[in-house]
Amino acid sequence: RTSWKQKSRRSWGRLDMKFDIWKECPKVPLPSVLLTVVDNRGKTVPTAPSGHKLIATNCVRNENLYPVYEKIRYLSEETYRTWFRAHPEPGDIIFVCKGTPGRVCLVPDPIDFCIAQDMVALRADPKIVYNKYLLAVLRSFQIQEQILSTSVGDVIPHFKKSFFDQIMIPIPNMDIQKSIGDFYYTISEKTELNKKINDNLEQQAATYFQELFINNANPMWQISTISDLGTVVGGSTPSKTKPEYYTNNGIAWITPKDLSINKSKFISHGENDITELGLKNSSATVMPKGTVLFSSRAPIGYIAIASNEVTTNQGFKSVIPYSEIGTAFVYFFLKHSLPVIESAASGSTFKEISGSAMKNIPAIIPDRNTLDQFNSFCAPIFAQQKILEEQNHSLAMLRDSLLPKLMSGAIDIASIQI
């Protein structure tokens with residue numbers, strides 16, 4: 001009897017033909033293509049003030065090739081050596097099991113983090129499946145939908161380890177796997193490089209802000225409030241019961257959720273736009289390019305720069321910088337002042353900074369020459385960051401539109417040049 005391994009080497013694996021992996025390939029349970037599963041769930045790991053990084057599920061997102069480091073915790077050397085059953089290795093795939101089930105990321109080389117609760121690391125068997133192909137398949141619409149429908153829990157979704165047997169992975173021959181996997185990885189890696197460049201540029205500008213306005217602040221500079229840096233503007237939500245107030249191609253309307261998903265410095269549109277009618281029947285304000293958007297609740301402190309005219313919902317207290325102050329200064333000032341702004345927030349269910357409180361946050365007003373010096377330094381940095389973010393958006397669209405076509409046979413795999 002012909003095994004699935006033998007079937008995967010048949011003629012449908014040739015690279016000179018269109019090829020639907022979902023219909024024409026043998027499918028096998030996910031565990032059968034793995035060497036091991038690194039699973040440290042079950043008890044809470046003791047943390048330390050510093051040491052080895054411990055990532056959480058918020059660090060794993062399908063739009064990133066590798067985990068990001070946000071709100072990470074740390075472990076002592078002893079905990080690192082003695083507490084864990086095993087550690088991920090480069091090339092493993094991190095799989096989130098709880099909260100946002102099915103999010104996956106590749107483990108980088110070298111690896112400098114640990115995993116514990118609510119996620120596992122999948123180690124592909126290289127004789128059966130190419131790890132980069134497995135990453136692409138796990139992120140496919142078909143598998144993501146299956147994970148979503150299989151997860152349990154109304155409040156906090158949970159994908160049980162026993163459910164892994166239900167994830168069926170299509171297995172073409174290794175040449176097909178490498179073509180698809182390398183295509184996905186190469187584009188993803190380019191976006192990661194662009195992000196690293198942008199992070200470096202961001203650090204340069206932030207360091208210069210610290211040097212000019214914090215470490216070497218002129219004691220003669222005026223101490224005033226944010227209202228003297230620019231106009232503080234709130235937002236509004238047009239009635240959700242009026243579908244005619246919303247559109248896919250209208251006036252940009254941004255919510256905090258858009259910034260949590262986007263994670264970009266510059267933003268031009270959110271998930272939904274609003275119509276002229278929606279704008280007219282709400283108290284939303286059209287704000288100009290260069291406005292600094294600042295989320296004022298749930299959570300406080302998402303920051304982005306409007307790359308064209310935008311409106312926002314009521315979850316923002318945005319600042320339209322005065323021309324003599326500039327976008328760059330306002331942007332970094334708000335980032336630097338986040339702890340002060342959070343301390344001025346109020347609310348029992350969730351904290352929110354009110355418009356009046358936002359306007360009265362203390363702010364320094366540097367002299368015009370120093371502001372011009374800083375804004376001139378930041379201008380080319382911001383321009384380059386915007387270009388790289390736009391390039392990443394285009395690359396992501398290319399990857400996410402071509403990958404399903406490669407997998408379904410709508411595009412000949414041989415036509416893809418990596």
# chains A, B, ... in the order shown; residues from 1 in each chain; ligands from 1
>>> residues_around(residues="Gln384 (chain A)", least_positions_apart="6", cutoff="12 Å", atoms="only C-alpha atoms", output="JSON, numbers by chain")
{"A": [194, 195, 197, 198, 199, 200, 201, 202, 265, 266, 378, 390, 391]}
>>> residues_around(residues="region 242-256 of chain A", least_positions_apart="2", cutoff="8 Å", atoms="only C-alpha atoms", output="ChimeraX atom specification")
/A:238-240,258-260,268-279,295,298-299,302,309-313,315-316
>>> residues_around(residues="Ile361 (chain A)", least_positions_apart="5", cutoff="9 Å", atoms="only C-alpha atoms", output="tab-separated table (two decimals) with all heavy atoms, in the first residue's frame")
chain	number	residue	atom	x	y	z
A	224	SER	N	5.46	75.20	30.64
A	224	SER	CA	4.07	75.50	30.36
A	224	SER	C	3.27	74.19	30.35
A	224	SER	O	3.52	73.32	31.18
A	224	SER	CB	3.95	76.25	29.03
A	224	SER	OG	2.64	76.71	28.82
A	225	THR	N	2.38	74.03	29.40
A	225	THR	CA	1.57	72.81	29.32
A	225	THR	C	1.50	72.33	27.88
A	225	THR	O	1.90	73.02	26.94
A	225	THR	CB	0.13	73.08	29.82
A	225	THR	OG1	-0.48	74.05	28.96
A	225	THR	CG2	0.14	73.57	31.26
A	226	ILE	N	0.96	71.12	27.70
A	226	ILE	CA	0.82	70.54	26.36
A	226	ILE	C	0.00	71.45	25.45
A	226	ILE	O	0.23	71.50	24.24
A	226	ILE	CB	0.20	69.14	26.45
A	226	ILE	CG1	1.26	68.12	26.90
A	226	ILE	CG2	-0.41	68.70	25.12
A	226	ILE	CD1	0.78	66.70	27.02
A	227	SER	N	-0.94	72.19	26.00
A	227	SER	CA	-1.76	73.07	25.18
A	227	SER	C	-0.95	74.15	24.49
A	227	SER	O	-1.43	74.77	23.53
A	227	SER	CB	-2.87	73.72	26.02
A	227	SER	OG	-2.32	74.51	27.06
A	337	SER	N	6.73	61.57	28.12
A	337	SER	CA	5.85	61.99	29.22
A	337	SER	C	4.77	60.98	29.55
A	337	SER	O	3.88	61.27	30.36
A	337	SER	CB	5.18	63.33	28.85
A	337	SER	OG	6.14	64.32	28.58
A	340	VAL	N	3.82	60.44	33.23
A	340	VAL	CA	3.15	61.60	33.81
A	340	VAL	C	1.69	61.64	33.35
A	340	VAL	O	0.77	61.91	34.14
A	340	VAL	CB	3.88	62.90	33.42
A	340	VAL	CG1	3.14	64.11	33.98
A	340	VAL	CG2	5.31	62.89	33.93
A	341	ILE	N	1.48	61.36	32.06
A	341	ILE	CA	0.12	61.38	31.52
A	341	ILE	C	-0.71	60.28	32.17
A	341	ILE	O	-1.87	60.50	32.55
A	341	ILE	CB	0.15	61.21	29.99
A	341	ILE	CG1	0.86	62.41	29.34
A	341	ILE	CG2	-1.25	61.07	29.43
A	341	ILE	CD1	1.10	62.25	27.85
A	344	ALA	N	-2.05	61.11	35.54
A	344	ALA	CA	-3.14	62.11	35.55
A	344	ALA	C	-4.47	61.51	35.11
A	344	ALA	O	-5.48	62.21	35.10
A	344	ALA	CB	-2.78	63.28	34.65
A	356	SER	N	-9.19	67.97	29.36
A	356	SER	CA	-8.66	69.05	30.20
A	356	SER	C	-7.38	68.63	30.89
A	356	SER	O	-6.43	69.43	31.02
A	356	SER	CB	-9.72	69.48	31.21
A	356	SER	OG	-10.11	68.38	32.03
>>> select_by_dssp(residues="region 6-203 of chain A", states="strand (DSSP E or B)", output="count of residues only")
37
>>> residues_around(residues="region 148-154 of chain A", least_positions_apart="3", cutoff="12 Å", atoms="only C-alpha atoms", output="mmCIF file with C-alpha atoms, in the first residue's frame")
data_model
loop_
_atom_site.group_PDB
_atom_site.id
_atom_site.type_symbol
_atom_site.label_atom_id
_atom_site.label_comp_id
_atom_site.auth_asym_id
_atom_site.auth_seq_id
_atom_site.Cartn_x
_atom_site.Cartn_y
_atom_site.Cartn_z
ATOM 1 C CA VAL A 96 0.269 30.337 21.004
ATOM 2 C CA CYS A 97 -2.296 28.120 22.731
ATOM 3 C CA LYS A 98 -4.242 30.561 24.889
ATOM 4 C CA GLY A 99 -5.652 34.049 24.433
ATOM 5 C CA THR A 100 -4.864 34.349 20.729
ATOM 6 C CA PRO A 101 -4.639 30.675 19.675
ATOM 7 C CA GLY A 102 -2.797 29.889 16.467
ATOM 8 C CA ARG A 103 -0.443 32.849 16.337
ATOM 9 C CA ARG A 139 -0.518 30.934 9.020
ATOM 10 C CA PHE A 141 -6.413 31.024 6.155
ATOM 11 C CA GLN A 142 -7.473 27.362 6.139
ATOM 12 C CA ILE A 143 -5.451 26.394 9.215
ATOM 13 C CA GLN A 144 -6.126 29.625 11.108
ATOM 14 C CA GLU A 145 -9.865 29.173 10.607
ATOM 15 C CA PRO A 157 -9.964 31.143 23.859
ATOM 16 C CA HIS A 158 -7.820 28.074 24.482
ATOM 17 C CA PHE A 159 -6.421 25.597 21.971
ATOM 18 C CA LYS A 160 -5.685 22.365 23.815
ATOM 19 C CA LYS A 161 -2.593 20.367 23.001
ATOM 20 C CA SER A 162 -4.832 17.371 22.283
ATOM 21 C CA PHE A 163 -6.329 19.358 19.393
ATOM 22 C CA PHE A 164 -3.021 19.254 17.475
ATOM 23 C CA ASP A 165 -4.040 15.890 15.992
ATOM 24 C CA GLN A 166 -6.913 17.666 14.244
ATOM 25 C CA ILE A 167 -4.636 20.086 12.364
#
>>> closest_atom_pairs(of="region 306-355 of chain A", to="region 210-222 of chain A", cutoff="10 Å", atoms="only C-alpha atoms", output="JSON lines")
{"residue": "A:Phe329", "atom": "CA", "partner": "A:Phe213", "partner_atom": "CA", "distance": 9.5}
{"residue": "A:Phe332", "atom": "CA", "partner": "A:Gln210", "partner_atom": "CA", "distance": 9.1}
{"residue": "A:Phe333", "atom": "CA", "partner": "A:Phe213", "partner_atom": "CA", "distance": 9.1}
{"residue": "A:His336", "atom": "CA", "partner": "A:Gln210", "partner_atom": "CA", "distance": 8.8}
>>> residues_around(residues="Thr57 (chain A)", least_positions_apart="2", cutoff="12 Å", atoms="only C-alpha atoms", output="PyMOL selection string")
chain A and resi 54-55+59-62+67-72+94-105+114-120
>>> select_by_dssp(residues="region 245-308 of chain A", states="alpha helix (DSSP H)", output="list in words")
Pro256, Lys257, Asp258, Leu259, Ser260, Ile261, Asn262, Glu276, Leu277, Gly278, Leu279 and Lys280 of chain A
>>> write_last_selection(atoms="N, CA and C atoms", output="short mmCIF file (atom, residue, chain, number, x, y, z; two decimals), in the first residue's frame")
data_model
loop_
_atom_site.label_atom_id
_atom_site.label_comp_id
_atom_site.auth_asym_id
_atom_site.auth_seq_id
_atom_site.Cartn_x
_atom_site.Cartn_y
_atom_site.Cartn_z
N PRO A 256 -8.01 53.04 18.69
CA PRO A 256 -6.84 52.44 19.35
C PRO A 256 -6.54 51.03 18.85
N LYS A 257 -7.59 50.28 18.50
CA LYS A 257 -7.38 48.93 17.97
C LYS A 257 -6.53 48.95 16.71
N ASP A 258 -6.73 49.98 15.86
CA ASP A 258 -5.94 50.09 14.64
C ASP A 258 -4.45 50.24 14.96
N LEU A 259 -4.14 50.99 16.01
CA LEU A 259 -2.73 51.16 16.38
C LEU A 259 -2.18 49.91 17.02
N SER A 260 -3.03 49.15 17.72
CA SER A 260 -2.54 47.92 18.34
C SER A 260 -2.23 46.87 17.29
N ILE A 261 -2.98 46.88 16.19
CA ILE A 261 -2.75 45.92 15.11
C ILE A 261 -1.63 46.39 14.19
N ASN A 262 -1.65 47.67 13.87
CA ASN A 262 -0.74 48.22 12.87
C ASN A 262 0.71 48.25 13.37
N GLU A 276 -18.73 61.27 4.55
CA GLU A 276 -18.99 62.68 4.83
C GLU A 276 -20.21 62.83 5.73
N LEU A 277 -21.21 61.97 5.50
CA LEU A 277 -22.41 62.00 6.32
C LEU A 277 -22.11 61.60 7.76
N GLY A 278 -21.25 60.57 7.91
CA GLY A 278 -20.86 60.16 9.25
C GLY A 278 -20.09 61.24 9.98
N LEU A 279 -19.22 61.93 9.26
CA LEU A 279 -18.46 63.04 9.86
C LEU A 279 -19.40 64.15 10.29
N LYS A 280 -20.36 64.48 9.42
CA LYS A 280 -21.30 65.56 9.69
C LYS A 280 -22.16 65.27 10.91
#
>>> closest_residue(among="A:Ile187, A:Ile223, A:Val137, A:Val292", to="Lys27 (chain A)", atoms="only C-alpha atoms")
A:Val137
